[in-house]
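Trainee: Sharing my_file_29.csv here; it has CSV, C-alpha atoms.
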```
chain,number,residue,atom,x,y,z
A,1,MET,CA,116.1,115.9,83.3
A,2,SER,CA,113.2,114.0,84.8
A,3,THR,CA,112.3,111.8,81.9
A,4,LEU,CA,114.0,110.6,78.8
A,5,PRO,CA,112.7,111.9,75.4
A,6,LEU,CA,112.5,108.7,73.7
A,7,TYR,CA,110.2,108.3,70.7
A,8,ARG,CA,108.0,110.3,68.5
A,9,THR,CA,105.4,109.1,66.0
A,10,ALA,CA,102.6,110.5,63.9
A,11,VAL,CA,99.2,109.1,64.5
A,12,GLN,CA,98.5,106.7,61.6
A,13,PRO,CA,95.1,107.1,59.9
A,14,GLU,CA,94.3,103.4,60.5
A,15,TRP,CA,94.8,104.0,64.3
A,16,ILE,CA,91.6,106.1,64.4
A,17,ASP,CA,88.5,104.2,65.4
A,18,TYR,CA,84.7,104.7,65.1
A,19,ASN,CA,84.8,107.2,67.9
A,20,GLY,CA,86.9,109.5,65.7
A,21,HIS,CA,89.9,109.3,68.0
A,22,LEU,CA,93.0,107.2,68.6
A,23,ARG,CA,91.9,103.6,69.5
A,24,ASP,CA,93.1,102.7,73.0
A,25,ALA,CA,95.3,99.8,71.7
A,26,TYR,CA,97.3,102.0,69.3
A,27,TYR,CA,98.6,104.1,72.2
A,28,VAL,CA,100.0,100.7,73.3
A,29,VAL,CA,101.5,100.1,69.8
A,30,ALA,CA,103.3,103.4,70.1
A,31,LEU,CA,104.5,102.6,73.7
A,32,SER,CA,105.8,99.2,72.4
A,33,LEU,CA,107.8,101.0,69.7
A,34,ALA,CA,109.1,103.4,72.3
A,35,ILE,CA,110.3,100.4,74.4
A,36,ASP,CA,112.2,99.3,71.3
A,37,ALA,CA,113.9,102.7,71.3
A,38,LEU,CA,114.7,102.3,75.0
A,39,MET,CA,116.2,98.9,74.3
A,40,ASP,CA,118.4,100.5,71.7
A,41,ARG,CA,119.5,103.2,74.1
A,42,LEU,CA,120.4,100.6,76.8
A,43,GLY,CA,122.4,98.5,74.4
A,44,LEU,CA,119.8,95.8,74.0
A,45,ASP,CA,119.7,96.5,70.3
A,46,ALA,CA,119.5,94.2,67.3
A,47,ALA,CA,123.2,93.4,67.3
A,48,TYR,CA,123.0,92.5,71.0
A,49,ARG,CA,120.0,90.4,70.5
A,50,LYS,CA,121.6,88.6,67.6
A,51,ARG,CA,124.9,88.0,69.5
A,52,THR,CA,123.3,86.8,72.8
A,53,HIS,CA,119.9,85.5,71.8
A,54,CYS,CA,118.7,87.6,74.7
A,55,THR,CA,115.9,90.2,74.6
A,56,LEU,CA,113.2,91.7,76.8
A,57,TYR,CA,109.7,90.1,77.3
A,58,THR,CA,106.8,92.1,78.6
A,59,LEU,CA,105.4,90.5,81.8
A,60,GLU,CA,102.8,93.1,82.8
A,61,MET,CA,101.5,96.6,82.0
A,62,HIS,CA,99.2,99.0,83.7
A,63,MET,CA,98.0,102.0,81.7
A,64,HIS,CA,95.8,105.1,82.2
A,65,TRP,CA,94.2,106.9,79.2
A,66,LEU,CA,93.8,110.6,80.2
A,67,HIS,CA,92.9,112.5,77.0
A,68,GLU,CA,91.7,111.9,73.5
A,69,VAL,CA,94.2,112.0,70.7
A,70,LEU,CA,92.9,113.0,67.2
A,71,ALA,CA,94.0,112.2,63.6
A,72,ASP,CA,96.4,115.2,63.2
A,73,ASP,CA,98.2,114.7,66.4
A,74,ALA,CA,101.7,113.4,67.0
A,75,LEU,CA,102.7,111.4,70.0
A,76,ASP,CA,105.9,112.1,72.1
A,77,ILE,CA,106.8,109.4,74.5
A,78,ASP,CA,109.2,109.7,77.4
A,79,ALA,CA,110.5,107.0,79.7
A,80,ARG,CA,112.0,106.6,83.1
A,81,ILE,CA,113.5,103.6,84.8
A,82,LEU,CA,111.3,103.3,88.0
A,83,ALA,CA,113.2,100.3,89.3
A,84,ALA,CA,115.4,97.4,88.2
A,85,ASP,CA,116.8,94.2,89.6
A,86,ARG,CA,119.2,91.6,88.1
A,87,LYS,CA,116.7,90.5,85.4
A,88,ARG,CA,113.8,92.9,85.4
A,89,LEU,CA,113.1,96.5,84.4
A,90,HIS,CA,110.1,98.5,85.8
A,91,VAL,CA,109.7,101.3,83.3
A,92,GLY,CA,107.3,104.3,83.4
A,93,LEU,CA,106.3,106.0,80.2
A,94,ASP,CA,104.2,109.0,79.4
A,95,VAL,CA,102.6,109.9,76.1
A,96,ARG,CA,102.2,113.6,75.2
A,97,SER,CA,100.6,115.5,72.3
A,98,ALA,CA,100.7,119.2,71.6
A,99,ARG,CA,97.1,120.0,72.4
A,100,HIS,CA,97.4,119.0,76.1
A,101,ALA,CA,99.8,120.4,78.8
A,102,GLY,CA,99.9,117.2,80.7
A,103,PRO,CA,100.3,113.6,79.4
A,104,VAL,CA,97.5,112.1,77.3
A,105,ALA,CA,98.4,108.6,78.8
A,106,THR,CA,100.8,107.1,81.2
A,107,ALA,CA,101.8,103.5,81.6
A,108,GLU,CA,104.1,101.2,83.6
A,109,PHE,CA,105.7,98.2,82.1
A,110,MET,CA,107.5,95.2,83.8
A,111,LEU,CA,110.0,93.7,81.4
A,112,LEU,CA,112.1,90.6,81.8
A,113,HIS,CA,115.5,89.8,80.3
A,114,VAL,CA,115.1,86.5,78.5
A,115,GLU,CA,117.3,84.1,76.5
A,116,GLN,CA,115.3,82.7,73.6
A,117,GLY,CA,115.6,79.1,72.5
A,118,ASP,CA,113.6,76.0,72.8
A,119,LYS,CA,112.3,77.3,76.1
A,120,PRO,CA,112.7,81.1,76.9
A,121,THR,CA,114.7,81.4,80.1
A,122,SER,CA,115.2,84.5,82.3
A,123,ARG,CA,118.8,85.7,82.4
A,124,PRO,CA,120.6,88.4,84.5
A,125,PHE,CA,121.6,91.5,82.6
A,126,PRO,CA,125.3,91.5,81.6
A,127,PRO,CA,127.4,94.1,83.5
A,128,GLU,CA,127.5,96.7,80.7
A,129,ILE,CA,123.7,96.6,80.4
A,130,ALA,CA,123.3,96.8,84.2
A,131,LEU,CA,125.5,99.9,84.2
A,132,ALA,CA,123.5,101.5,81.4
A,133,ILE,CA,120.3,100.8,83.3
A,134,ASP,CA,121.8,102.3,86.4
A,135,ALA,CA,123.0,105.4,84.6
A,136,LEU,CA,119.6,105.9,83.1
A,137,ALA,CA,117.8,105.4,86.4
A,138,ARG,CA,120.0,108.1,88.0
A,139,ALA,CA,119.4,110.5,85.1
A,140,ALA,CA,115.7,110.6,86.0
A,141,GLY,CA,116.5,112.3,89.3
A,142,PRO,CA,114.2,112.4,92.3
A,143,ALA,CA,111.2,114.0,90.7
A,144,PRO,CA,108.0,111.9,91.2
A,145,TRP,CA,106.6,109.9,88.3
A,146,PRO,CA,103.7,111.9,86.9
A,147,GLY,CA,101.3,109.0,86.2
A,148,PRO,CA,98.3,108.0,88.3
A,149,GLY,CA,100.4,105.0,89.3
A,150,SER,CA,99.7,101.3,89.3
A,151,ARG,CA,97.1,100.1,91.8
A,152,PRO,CA,94.4,97.5,91.8
A,153,ILE,CA,91.7,98.3,89.3
A,154,ALA,CA,88.3,98.6,91.0
A,155,LEU,CA,85.2,100.7,91.1
A,156,PRO,CA,85.0,103.0,94.1
A,157,VAL,CA,82.7,101.6,96.9
A,158,ARG,CA,79.6,103.7,97.2
B,1,MET,CA,79.2,79.4,81.8
B,2,SER,CA,82.0,81.2,83.5
B,3,THR,CA,83.1,83.5,80.7
B,4,LEU,CA,81.7,84.7,77.5
B,5,PRO,CA,83.2,83.4,74.2
B,6,LEU,CA,83.4,86.7,72.5
B,7,TYR,CA,86.0,87.2,69.7
B,8,ARG,CA,88.4,85.1,67.6
B,9,THR,CA,91.1,86.4,65.4
B,10,ALA,CA,94.0,85.0,63.4
B,11,VAL,CA,97.4,86.4,64.3
B,12,GLN,CA,98.3,88.8,61.5
B,13,PRO,CA,101.8,88.5,60.0
B,14,GLU,CA,102.6,92.2,60.8
B,15,TRP,CA,101.8,91.5,64.5
B,16,ILE,CA,105.0,89.4,64.8
B,17,ASP,CA,108.0,91.3,66.0
B,18,TYR,CA,111.8,90.8,65.9
B,19,ASN,CA,111.5,88.3,68.7
B,20,GLY,CA,109.6,86.0,66.4
B,21,HIS,CA,106.4,86.2,68.5
B,22,LEU,CA,103.3,88.3,68.8
B,23,ARG,CA,104.3,91.8,69.8
B,24,ASP,CA,102.9,92.8,73.3
B,25,ALA,CA,100.8,95.6,71.8
B,26,TYR,CA,99.0,93.4,69.3
B,27,TYR,CA,97.5,91.3,72.1
B,28,VAL,CA,96.0,94.7,73.1
B,29,VAL,CA,94.7,95.4,69.6
B,30,ALA,CA,92.9,92.0,69.7
B,31,LEU,CA,91.5,92.8,73.1
B,32,SER,CA,90.3,96.2,71.9
B,33,LEU,CA,88.5,94.5,69.0
B,34,ALA,CA,87.0,92.0,71.5
B,35,ILE,CA,85.6,94.9,73.5
B,36,ASP,CA,83.9,96.2,70.3
B,37,ALA,CA,82.3,92.7,70.1
B,38,LEU,CA,81.2,93.1,73.8
B,39,MET,CA,79.7,96.5,73.1
B,40,ASP,CA,77.7,94.9,70.2
B,41,ARG,CA,76.5,92.2,72.6
B,42,LEU,CA,75.4,94.7,75.2
B,43,GLY,CA,73.5,96.9,72.7
B,44,LEU,CA,76.2,99.6,72.6
B,45,ASP,CA,76.5,98.9,68.8
B,46,ALA,CA,77.0,101.3,65.9
B,47,ALA,CA,73.2,102.1,65.7
B,48,TYR,CA,73.2,102.9,69.4
B,49,ARG,CA,76.2,105.1,69.1
B,50,LYS,CA,74.8,106.9,66.1
B,51,ARG,CA,71.4,107.5,67.8
B,52,THR,CA,72.7,108.6,71.2
B,53,HIS,CA,76.2,109.9,70.4
B,54,CYS,CA,77.2,107.8,73.4
B,55,THR,CA,80.1,105.2,73.4
B,56,LEU,CA,82.6,103.7,75.8
B,57,TYR,CA,86.0,105.3,76.5
B,58,THR,CA,88.8,103.2,78.0
B,59,LEU,CA,90.0,104.7,81.3
B,60,GLU,CA,92.5,102.2,82.5
B,61,MET,CA,93.9,98.7,81.7
B,62,HIS,CA,96.1,96.2,83.6
B,63,MET,CA,97.4,93.3,81.6
B,64,HIS,CA,99.6,90.2,82.2
B,65,TRP,CA,101.4,88.4,79.4
B,66,LEU,CA,101.7,84.7,80.3
B,67,HIS,CA,102.8,82.8,77.2
B,68,GLU,CA,104.3,83.5,73.8
B,69,VAL,CA,102.0,83.4,70.7
B,70,LEU,CA,103.4,82.5,67.3
B,71,ALA,CA,102.6,83.3,63.8
B,72,ASP,CA,100.3,80.4,63.1
B,73,ASP,CA,98.2,80.7,66.2
B,74,ALA,CA,94.7,82.1,66.5
B,75,LEU,CA,93.5,84.0,69.5
B,76,ASP,CA,90.2,83.3,71.3
B,77,ILE,CA,89.1,86.0,73.7
B,78,ASP,CA,86.5,85.6,76.4
B,79,ALA,CA,85.1,88.4,78.7
B,80,ARG,CA,83.4,88.7,82.0
B,81,ILE,CA,81.7,91.7,83.7
B,82,LEU,CA,83.6,91.9,87.0
B,83,ALA,CA,81.7,95.0,88.2
B,84,ALA,CA,79.6,97.8,86.9
B,85,ASP,CA,78.1,101.0,88.3
B,86,ARG,CA,75.8,103.6,86.6
B,87,LYS,CA,78.4,104.7,84.1
B,88,ARG,CA,81.3,102.3,84.3
B,89,LEU,CA,82.2,98.7,83.4
B,90,HIS,CA,85.0,96.7,84.9
B,91,VAL,CA,85.6,93.9,82.4
B,92,GLY,CA,88.0,91.0,82.7
B,93,LEU,CA,89.2,89.3,79.5
B,94,ASP,CA,91.4,86.3,78.8
B,95,VAL,CA,93.2,85.4,75.6
B,96,ARG,CA,93.7,81.8,74.7
B,97,SER,CA,95.5,80.0,71.9
B,98,ALA,CA,95.4,76.3,71.1
B,99,ARG,CA,99.0,75.5,72.2
B,100,HIS,CA,98.4,76.3,75.9
B,101,ALA,CA,95.8,74.9,78.3
B,102,GLY,CA,95.6,78.1,80.3
B,103,PRO,CA,95.3,81.7,79.1
B,104,VAL,CA,98.2,83.3,77.2
B,105,ALA,CA,97.2,86.7,78.6
B,106,THR,CA,94.7,88.2,80.9
B,107,ALA,CA,93.6,91.8,81.2
B,108,GLU,CA,91.2,94.0,83.1
B,109,PHE,CA,89.7,97.1,81.6
B,110,MET,CA,87.8,100.0,83.2
B,111,LEU,CA,85.4,101.6,80.6
B,112,LEU,CA,83.3,104.7,80.9
B,113,HIS,CA,80.0,105.5,79.1
B,114,VAL,CA,80.5,108.9,77.5
B,115,GLU,CA,78.5,111.2,75.3
B,116,GLN,CA,80.7,112.7,72.6
B,117,GLY,CA,80.4,116.3,71.5
B,118,ASP,CA,82.4,119.5,72.0
B,119,LYS,CA,83.5,118.0,75.4
B,120,PRO,CA,83.0,114.3,76.1
B,121,THR,CA,80.8,113.9,79.1
B,122,SER,CA,80.2,110.8,81.2
B,123,ARG,CA,76.5,109.6,81.1
B,124,PRO,CA,74.6,106.9,83.0
B,125,PHE,CA,73.8,103.8,81.0
B,126,PRO,CA,70.1,103.8,79.8
B,127,PRO,CA,67.9,101.2,81.5
B,128,GLU,CA,68.0,98.7,78.6
B,129,ILE,CA,71.8,98.7,78.6
B,130,ALA,CA,72.0,98.5,82.4
B,131,LEU,CA,69.7,95.4,82.2
B,132,ALA,CA,72.0,93.8,79.5
B,133,ILE,CA,75.0,94.5,81.7
B,134,ASP,CA,73.4,93.0,84.7
B,135,ALA,CA,72.3,89.8,82.7
B,136,LEU,CA,75.8,89.3,81.4
B,137,ALA,CA,77.4,89.8,84.9
B,138,ARG,CA,75.0,87.2,86.3
B,139,ALA,CA,75.8,84.8,83.4
B,140,ALA,CA,79.4,84.6,84.6
B,141,GLY,CA,78.4,82.9,87.8
B,142,PRO,CA,80.5,82.8,91.0
B,143,ALA,CA,83.7,81.2,89.5
B,144,PRO,CA,86.7,83.3,90.3
B,145,TRP,CA,88.3,85.3,87.5
B,146,PRO,CA,91.4,83.3,86.3
B,147,GLY,CA,93.8,86.2,85.8
B,148,PRO,CA,96.6,87.2,88.1
B,149,GLY,CA,94.5,90.2,89.0
B,150,SER,CA,95.2,93.9,89.1
B,151,ARG,CA,97.6,95.1,91.8
B,152,PRO,CA,100.3,97.7,92.1
B,153,ILE,CA,103.2,96.8,89.7
B,154,ALA,CA,106.4,96.5,91.7
B,155,LEU,CA,109.5,94.5,91.9
B,156,PRO,CA,109.5,92.2,94.9
B,157,VAL,CA,111.6,93.5,97.8
B,158,ARG,CA,114.7,91.3,98.3
```
Represent the structure contained in this file as structure tokens.
Mentor:
Amino acid sequence: MSTLPLYRTAVQPEWIDYNGHLRDAYYVVALSLAIDALMDRLGLDAAYRKRTHCTLYTLEMHMHWLHEVLADDALDIDARILAADRKRLHVGLDVRSARHAGPVATAEFMLLHVEQGDKPTSRPFPPEIALAIDALARAAGPAPWPGPGSRPIALPVR
Amino acid sequence: MSTLPLYRTAVQPEWIDYNGHLRDAYYVVALSLAIDALMDRLGLDAAYRKRTHCTLYTLEMHMHWLHEVLADDALDIDARILAADRKRLHVGLDVRSARHAGPVATAEFMLLHVEQGDKPTSRPFPPEIALAIDALARAAGPAPWPGPGSRPIALPVR
């Protein structure tokens, strides 16, 4: 298995914009909900968050929109752990819909494990979560990540 | 003037997530609405889109989340043209809220001018739009863009 089937959603009617297609930002709403599903899978679920006051904060995201999505489409989102350290997760996600063979969008997120309180403070993952992250990273296998990849955004020099 | 005051929105109650703060993806919804306001300012408005069947498609976005935003906050979004060519706009945006001196998020978008139809096709900007883009790019002046900038997402090597 190269990626993790994670989350499926119908395209909501209010997600369609004046261009007659899925507004760019609502791909991101679906990705954000997919990351909630990834948190559940890693044990960073509501019970964990309530017990520890720890959660994930999004630091950074780089996304490519590759194909239009229309009102009748559904979105299927897979994820892969690209890297992790004591406190951070680098996750790659791809968004697919039935009318395209390849992804309609890809994104990379950098997420930080944080304890909430008066001042949110970064915290190492507890051992059982670190093990779950490691297991999921191994499950992805050696296949290359299909997205265009993160790089500085720039217009080509002409 | 270093950036363009572009768009203001209240944080909607349904934009707050289980962490008690603005969900990552709804910063992007606000940014997407700010880009609509930028299109209006450049003349790429509803009348233009109806007359020409041309619009902007989002190709790519790189975003940094810098501070939490809470339920009572409003978001103020400014934009700057970082670069442009015959068909593309590279736009930098920053999101501010009253509780922080600096931006709460920054983002760079790459946008493509497209004619919609059976198959969306990239098109050069017409002369009057190219002039409006150039005027707006000059208005930003030489001040450096305040965001962390787009770069490959990666965990630091330890």
Trainee: Sorted by chain and rising residue number, list the residues of chain B at most 6 Å from chain A (counting all atoms listed in the file), each with its closest atom pair and distance in Å to one decimal, as a Markdown table.
Mentor:
```
| residue | atom | partner | partner_atom | distance |
| --- | --- | --- | --- | --- |
| B:Ala25 | CA | A:Val29 | CA | 5.0 |
| B:Val28 | CA | A:Ala25 | CA | 5.3 |
| B:Val29 | CA | A:Ala25 | CA | 4.9 |
| B:Leu59 | CA | A:Trp65 | CA | 5.2 |
| B:Glu60 | CA | A:His64 | CA | 4.4 |
| B:Met61 | CA | A:Met63 | CA | 5.3 |
| B:His62 | CA | A:His62 | CA | 4.2 |
| B:Met63 | CA | A:Met61 | CA | 5.3 |
| B:His64 | CA | A:Glu60 | CA | 4.4 |
| B:Trp65 | CA | A:Leu59 | CA | 5.1 |
| B:Ser150 | CA | A:Pro152 | CA | 4.6 |
| B:Arg151 | CA | A:Pro152 | CA | 4.0 |
| B:Pro152 | CA | A:Arg151 | CA | 4.0 |
| B:Ile153 | CA | A:Ser150 | CA | 5.7 |
```
Trainee: Rotate and translate chain B onto chain A via least squares on all in-order Cα pairs, then write the result as a compact mmCIF listing (two decimals) with C-alpha atoms, in the coordinates of the input.
Mentor:
```
# COMPACT_ATOMS: atom_id res chain seq x y z
CA MET B 1 116.13 115.87 83.32
CA SER B 2 113.22 114.05 84.80
CA THR B 3 112.32 111.79 81.90
CA LEU B 4 113.94 110.63 78.79
CA PRO B 5 112.67 111.98 75.41
CA LEU B 6 112.59 108.70 73.66
CA TYR B 7 110.19 108.24 70.68
CA ARG B 8 107.94 110.37 68.44
CA THR B 9 105.40 109.10 66.04
CA ALA B 10 102.65 110.52 63.86
CA VAL B 11 99.20 109.11 64.51
CA GLN B 12 98.49 106.75 61.62
CA PRO B 13 95.11 107.07 59.88
CA GLU B 14 94.25 103.36 60.58
CA TRP B 15 94.79 104.02 64.33
CA ILE B 16 91.58 106.11 64.44
CA ASP B 17 88.50 104.20 65.40
CA TYR B 18 84.72 104.71 65.05
CA ASN B 19 84.82 107.17 67.89
CA GLY B 20 86.88 109.50 65.76
CA HIS B 21 89.93 109.27 68.07
CA LEU B 22 93.00 107.16 68.56
CA ARG B 23 91.93 103.65 69.44
CA ASP B 24 93.08 102.60 73.02
CA ALA B 25 95.28 99.82 71.63
CA TYR B 26 97.25 102.05 69.29
CA TYR B 27 98.55 104.11 72.22
CA VAL B 28 99.98 100.70 73.27
CA VAL B 29 101.52 100.05 69.86
CA ALA B 30 103.31 103.44 70.13
CA LEU B 31 104.47 102.60 73.61
CA SER B 32 105.75 99.21 72.45
CA LEU B 33 107.75 100.95 69.71
CA ALA B 34 109.07 103.41 72.34
CA ILE B 35 110.33 100.49 74.39
CA ASP B 36 112.25 99.23 71.30
CA ALA B 37 113.86 102.73 71.26
CA LEU B 38 114.70 102.28 75.02
CA MET B 39 116.24 98.89 74.38
CA ASP B 40 118.44 100.52 71.65
CA ARG B 41 119.47 103.19 74.16
CA LEU B 42 120.39 100.66 76.80
CA GLY B 43 122.46 98.49 74.41
CA LEU B 44 119.77 95.79 74.09
CA ASP B 45 119.73 96.54 70.29
CA ALA B 46 119.44 94.18 67.33
CA ALA B 47 123.24 93.38 67.38
CA TYR B 48 122.98 92.53 71.06
CA ARG B 49 120.01 90.34 70.53
CA LYS B 50 121.62 88.58 67.61
CA ARG B 51 124.89 87.95 69.53
CA THR B 52 123.36 86.81 72.82
CA HIS B 53 119.92 85.52 71.76
CA CYS B 54 118.72 87.58 74.71
CA THR B 55 115.82 90.19 74.54
CA LEU B 56 113.16 91.66 76.78
CA TYR B 57 109.72 90.05 77.22
CA THR B 58 106.82 92.13 78.55
CA LEU B 59 105.40 90.59 81.74
CA GLU B 60 102.82 93.08 82.80
CA MET B 61 101.48 96.59 81.95
CA HIS B 62 99.15 99.07 83.72
CA MET B 63 97.99 101.99 81.67
CA HIS B 64 95.76 105.09 82.16
CA TRP B 65 94.16 106.92 79.27
CA LEU B 66 93.79 110.61 80.19
CA HIS B 67 92.91 112.55 77.05
CA GLU B 68 91.65 111.90 73.54
CA VAL B 69 94.16 112.04 70.61
CA LEU B 70 93.00 112.98 67.13
CA ALA B 71 94.04 112.23 63.69
CA ASP B 72 96.39 115.13 63.19
CA ASP B 73 98.26 114.79 66.42
CA ALA B 74 101.74 113.38 66.94
CA LEU B 75 102.72 111.44 70.00
CA ASP B 76 105.89 112.12 72.03
CA ILE B 77 106.82 109.39 74.47
CA ASP B 78 109.23 109.75 77.34
CA ALA B 79 110.47 106.92 79.70
CA ARG B 80 111.93 106.58 83.11
CA ILE B 81 113.51 103.55 84.88
CA LEU B 82 111.39 103.31 88.04
CA ALA B 83 113.20 100.19 89.33
CA ALA B 84 115.38 97.41 88.14
CA ASP B 85 116.78 94.19 89.60
CA ARG B 86 119.20 91.61 88.03
CA LYS B 87 116.78 90.55 85.34
CA ARG B 88 113.87 92.95 85.37
CA LEU B 89 113.03 96.56 84.46
CA HIS B 90 110.14 98.54 85.78
CA VAL B 91 109.71 101.37 83.28
CA GLY B 92 107.29 104.27 83.45
CA LEU B 93 106.32 106.01 80.20
CA ASP B 94 104.17 109.02 79.39
CA VAL B 95 102.60 109.97 76.08
CA ARG B 96 102.16 113.58 75.20
CA SER B 97 100.56 115.41 72.30
CA ALA B 98 100.72 119.12 71.56
CA ARG B 99 97.05 119.91 72.42
CA HIS B 100 97.39 119.06 76.14
CA ALA B 101 99.82 120.43 78.73
CA GLY B 102 99.88 117.21 80.70
CA PRO B 103 100.26 113.62 79.48
CA VAL B 104 97.50 112.05 77.36
CA ALA B 105 98.40 108.63 78.78
CA THR B 106 100.74 107.10 81.23
CA ALA B 107 101.81 103.49 81.56
CA GLU B 108 104.07 101.27 83.59
CA PHE B 109 105.68 98.19 82.16
CA MET B 110 107.46 95.26 83.85
CA LEU B 111 110.04 93.70 81.40
CA LEU B 112 112.11 90.59 81.81
CA HIS B 113 115.53 89.81 80.23
CA VAL B 114 115.14 86.43 78.56
CA GLU B 115 117.29 84.16 76.47
CA GLN B 116 115.28 82.70 73.61
CA GLY B 117 115.66 79.11 72.48
CA ASP B 118 113.63 75.91 72.80
CA LYS B 119 112.29 77.36 76.14
CA PRO B 120 112.74 81.05 76.92
CA THR B 121 114.73 81.41 80.07
CA SER B 122 115.18 84.49 82.24
CA ARG B 123 118.88 85.68 82.42
CA PRO B 124 120.64 88.36 84.48
CA PHE B 125 121.58 91.48 82.58
CA PRO B 126 125.35 91.49 81.64
CA PRO B 127 127.43 94.07 83.52
CA GLU B 128 127.53 96.61 80.65
CA ILE B 129 123.74 96.61 80.39
CA ALA B 130 123.28 96.76 84.17
CA LEU B 131 125.59 99.86 84.17
CA ALA B 132 123.48 101.50 81.34
CA ILE B 133 120.33 100.77 83.31
CA ASP B 134 121.72 102.23 86.44
CA ALA B 135 122.96 105.46 84.56
CA LEU B 136 119.56 105.98 83.03
CA ALA B 137 117.72 105.43 86.40
CA ARG B 138 120.01 108.01 88.00
CA ALA B 139 119.42 110.45 85.08
CA ALA B 140 115.74 110.64 86.03
CA GLY B 141 116.52 112.30 89.31
CA PRO B 142 114.20 112.36 92.36
CA ALA B 143 111.11 113.98 90.66
CA PRO B 144 108.06 111.87 91.23
CA TRP B 145 106.66 109.91 88.30
CA PRO B 146 103.65 111.93 86.91
CA GLY B 147 101.29 109.03 86.21
CA PRO B 148 98.34 108.01 88.29
CA GLY B 149 100.37 104.99 89.30
CA SER B 150 99.67 101.29 89.30
CA ARG B 151 97.09 100.06 91.81
CA PRO B 152 94.37 97.46 91.89
CA ILE B 153 91.65 98.39 89.31
CA ALA B 154 88.31 98.67 91.08
CA LEU B 155 85.21 100.67 91.09
CA PRO B 156 85.00 102.93 94.11
CA VAL B 157 82.70 101.59 96.84
CA ARG B 158 79.58 103.79 97.16
```
Trainee: Rounded to one decimal, what separation in Å do you get between CA of Lys50 (chain B) and CA of Leu136 (chain B)?
Mentor: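 The value is 23.3 Å.
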Trainee: From the set A:Ala79, A:Tyr7, A:Asp17, A:Leu22, which residue has the shortest atom-to-atom contact distance to Trp145 (chain A), counting all atoms listed in the file?
Mentor: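 Checking each candidate against Trp145 (chain A), we get A:Ala79 as the closest.
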Trainee: Would you work out the distance separating CA of Asp40 (chain A) from CA of Leu131 (chain A), expressed in Å to one decimal?
Mentor: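 Value for the CA of Asp40 (chain A)-CA of Leu131 (chain A) distance: 14.4 Å.
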Trainee: What's the separation between CA of Gly92 (chain B) and CA of Arg8 (chain B), in Å to one decimal place?
Mentor: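 A separation of 16.2 Å between them.
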Trainee: Taking into account all atoms listed in the file, which residue in the set B:Ile81, B:Leu93, B:Leu44, B:Leu75 is nearest to Pro148 (chain B)?
Mentor: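 Closest residue, counting all atoms listed in the file: B:Leu93.
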Trainee: Given all atoms listed in the file as the basis, pick out the residue of B:Ala143, B:Leu70, B:Ile129, B:Pro124 nearest to Gln12 (chain B).
Mentor: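 Checking each candidate against Gln12 (chain B), we get B:Leu70 as the closest.
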Trainee: Could you model N, CA and C atoms for region 128-140 of chain B and present them as a PDB file, keeping the file's coordinate frame?
Mentor:
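Saved to selection_29.pdb:
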```pdb
ATOM      1  N   GLU B 128      67.894  99.937  79.382  1.00  0.00           N
ATOM      2  CA  GLU B 128      68.000  98.700  78.600  1.00  0.00           C
ATOM      3  C   GLU B 128      69.434  98.180  78.601  1.00  0.00           C
ATOM      4  N   ILE B 129      70.386  99.106  78.588  1.00  0.00           N
ATOM      5  CA  ILE B 129      71.800  98.700  78.600  1.00  0.00           C
ATOM      6  C   ILE B 129      72.179  98.227  80.003  1.00  0.00           C
ATOM      7  N   ALA B 130      71.701  98.922  81.012  1.00  0.00           N
ATOM      8  CA  ALA B 130      72.000  98.500  82.400  1.00  0.00           C
ATOM      9  C   ALA B 130      71.461  97.080  82.626  1.00  0.00           C
ATOM     10  N   LEU B 131      70.291  96.765  82.064  1.00  0.00           N
ATOM     11  CA  LEU B 131      69.700  95.400  82.200  1.00  0.00           C
ATOM     12  C   LEU B 131      70.621  94.386  81.483  1.00  0.00           C
ATOM     13  N   ALA B 132      71.094  94.729  80.292  1.00  0.00           N
ATOM     14  CA  ALA B 132      72.000  93.800  79.500  1.00  0.00           C
ATOM     15  C   ALA B 132      73.265  93.578  80.279  1.00  0.00           C
ATOM     16  N   ILE B 133      73.809  94.609  80.883  1.00  0.00           N
ATOM     17  CA  ILE B 133      75.000  94.500  81.700  1.00  0.00           C
ATOM     18  C   ILE B 133      74.791  93.545  82.861  1.00  0.00           C
ATOM     19  N   ASP B 134      73.672  93.775  83.532  1.00  0.00           N
ATOM     20  CA  ASP B 134      73.400  93.000  84.700  1.00  0.00           C
ATOM     21  C   ASP B 134      73.177  91.493  84.308  1.00  0.00           C
ATOM     22  N   ALA B 135      72.506  91.239  83.199  1.00  0.00           N
ATOM     23  CA  ALA B 135      72.300  89.800  82.700  1.00  0.00           C
ATOM     24  C   ALA B 135      73.624  89.184  82.439  1.00  0.00           C
ATOM     25  N   LEU B 136      74.514  89.920  81.796  1.00  0.00           N
ATOM     26  CA  LEU B 136      75.800  89.300  81.400  1.00  0.00           C
ATOM     27  C   LEU B 136      76.662  89.105  82.667  1.00  0.00           C
ATOM     28  N   ALA B 137      76.595  90.007  83.621  1.00  0.00           N
ATOM     29  CA  ALA B 137      77.400  89.800  84.900  1.00  0.00           C
ATOM     30  C   ALA B 137      76.861  88.577  85.608  1.00  0.00           C
ATOM     31  N   ARG B 138      75.544  88.365  85.641  1.00  0.00           N
ATOM     32  CA  ARG B 138      75.000  87.200  86.300  1.00  0.00           C
ATOM     33  C   ARG B 138      75.382  85.909  85.573  1.00  0.00           C
ATOM     34  N   ALA B 139      75.479  85.964  84.228  1.00  0.00           N
ATOM     35  CA  ALA B 139      75.800  84.800  83.400  1.00  0.00           C
ATOM     36  C   ALA B 139      77.175  84.225  83.789  1.00  0.00           C
ATOM     37  N   ALA B 140      78.060  85.093  84.269  1.00  0.00           N
ATOM     38  CA  ALA B 140      79.400  84.600  84.600  1.00  0.00           C
ATOM     39  C   ALA B 140      79.437  83.708  85.786  1.00  0.00           C
TER      40      ALA B 140
END
```
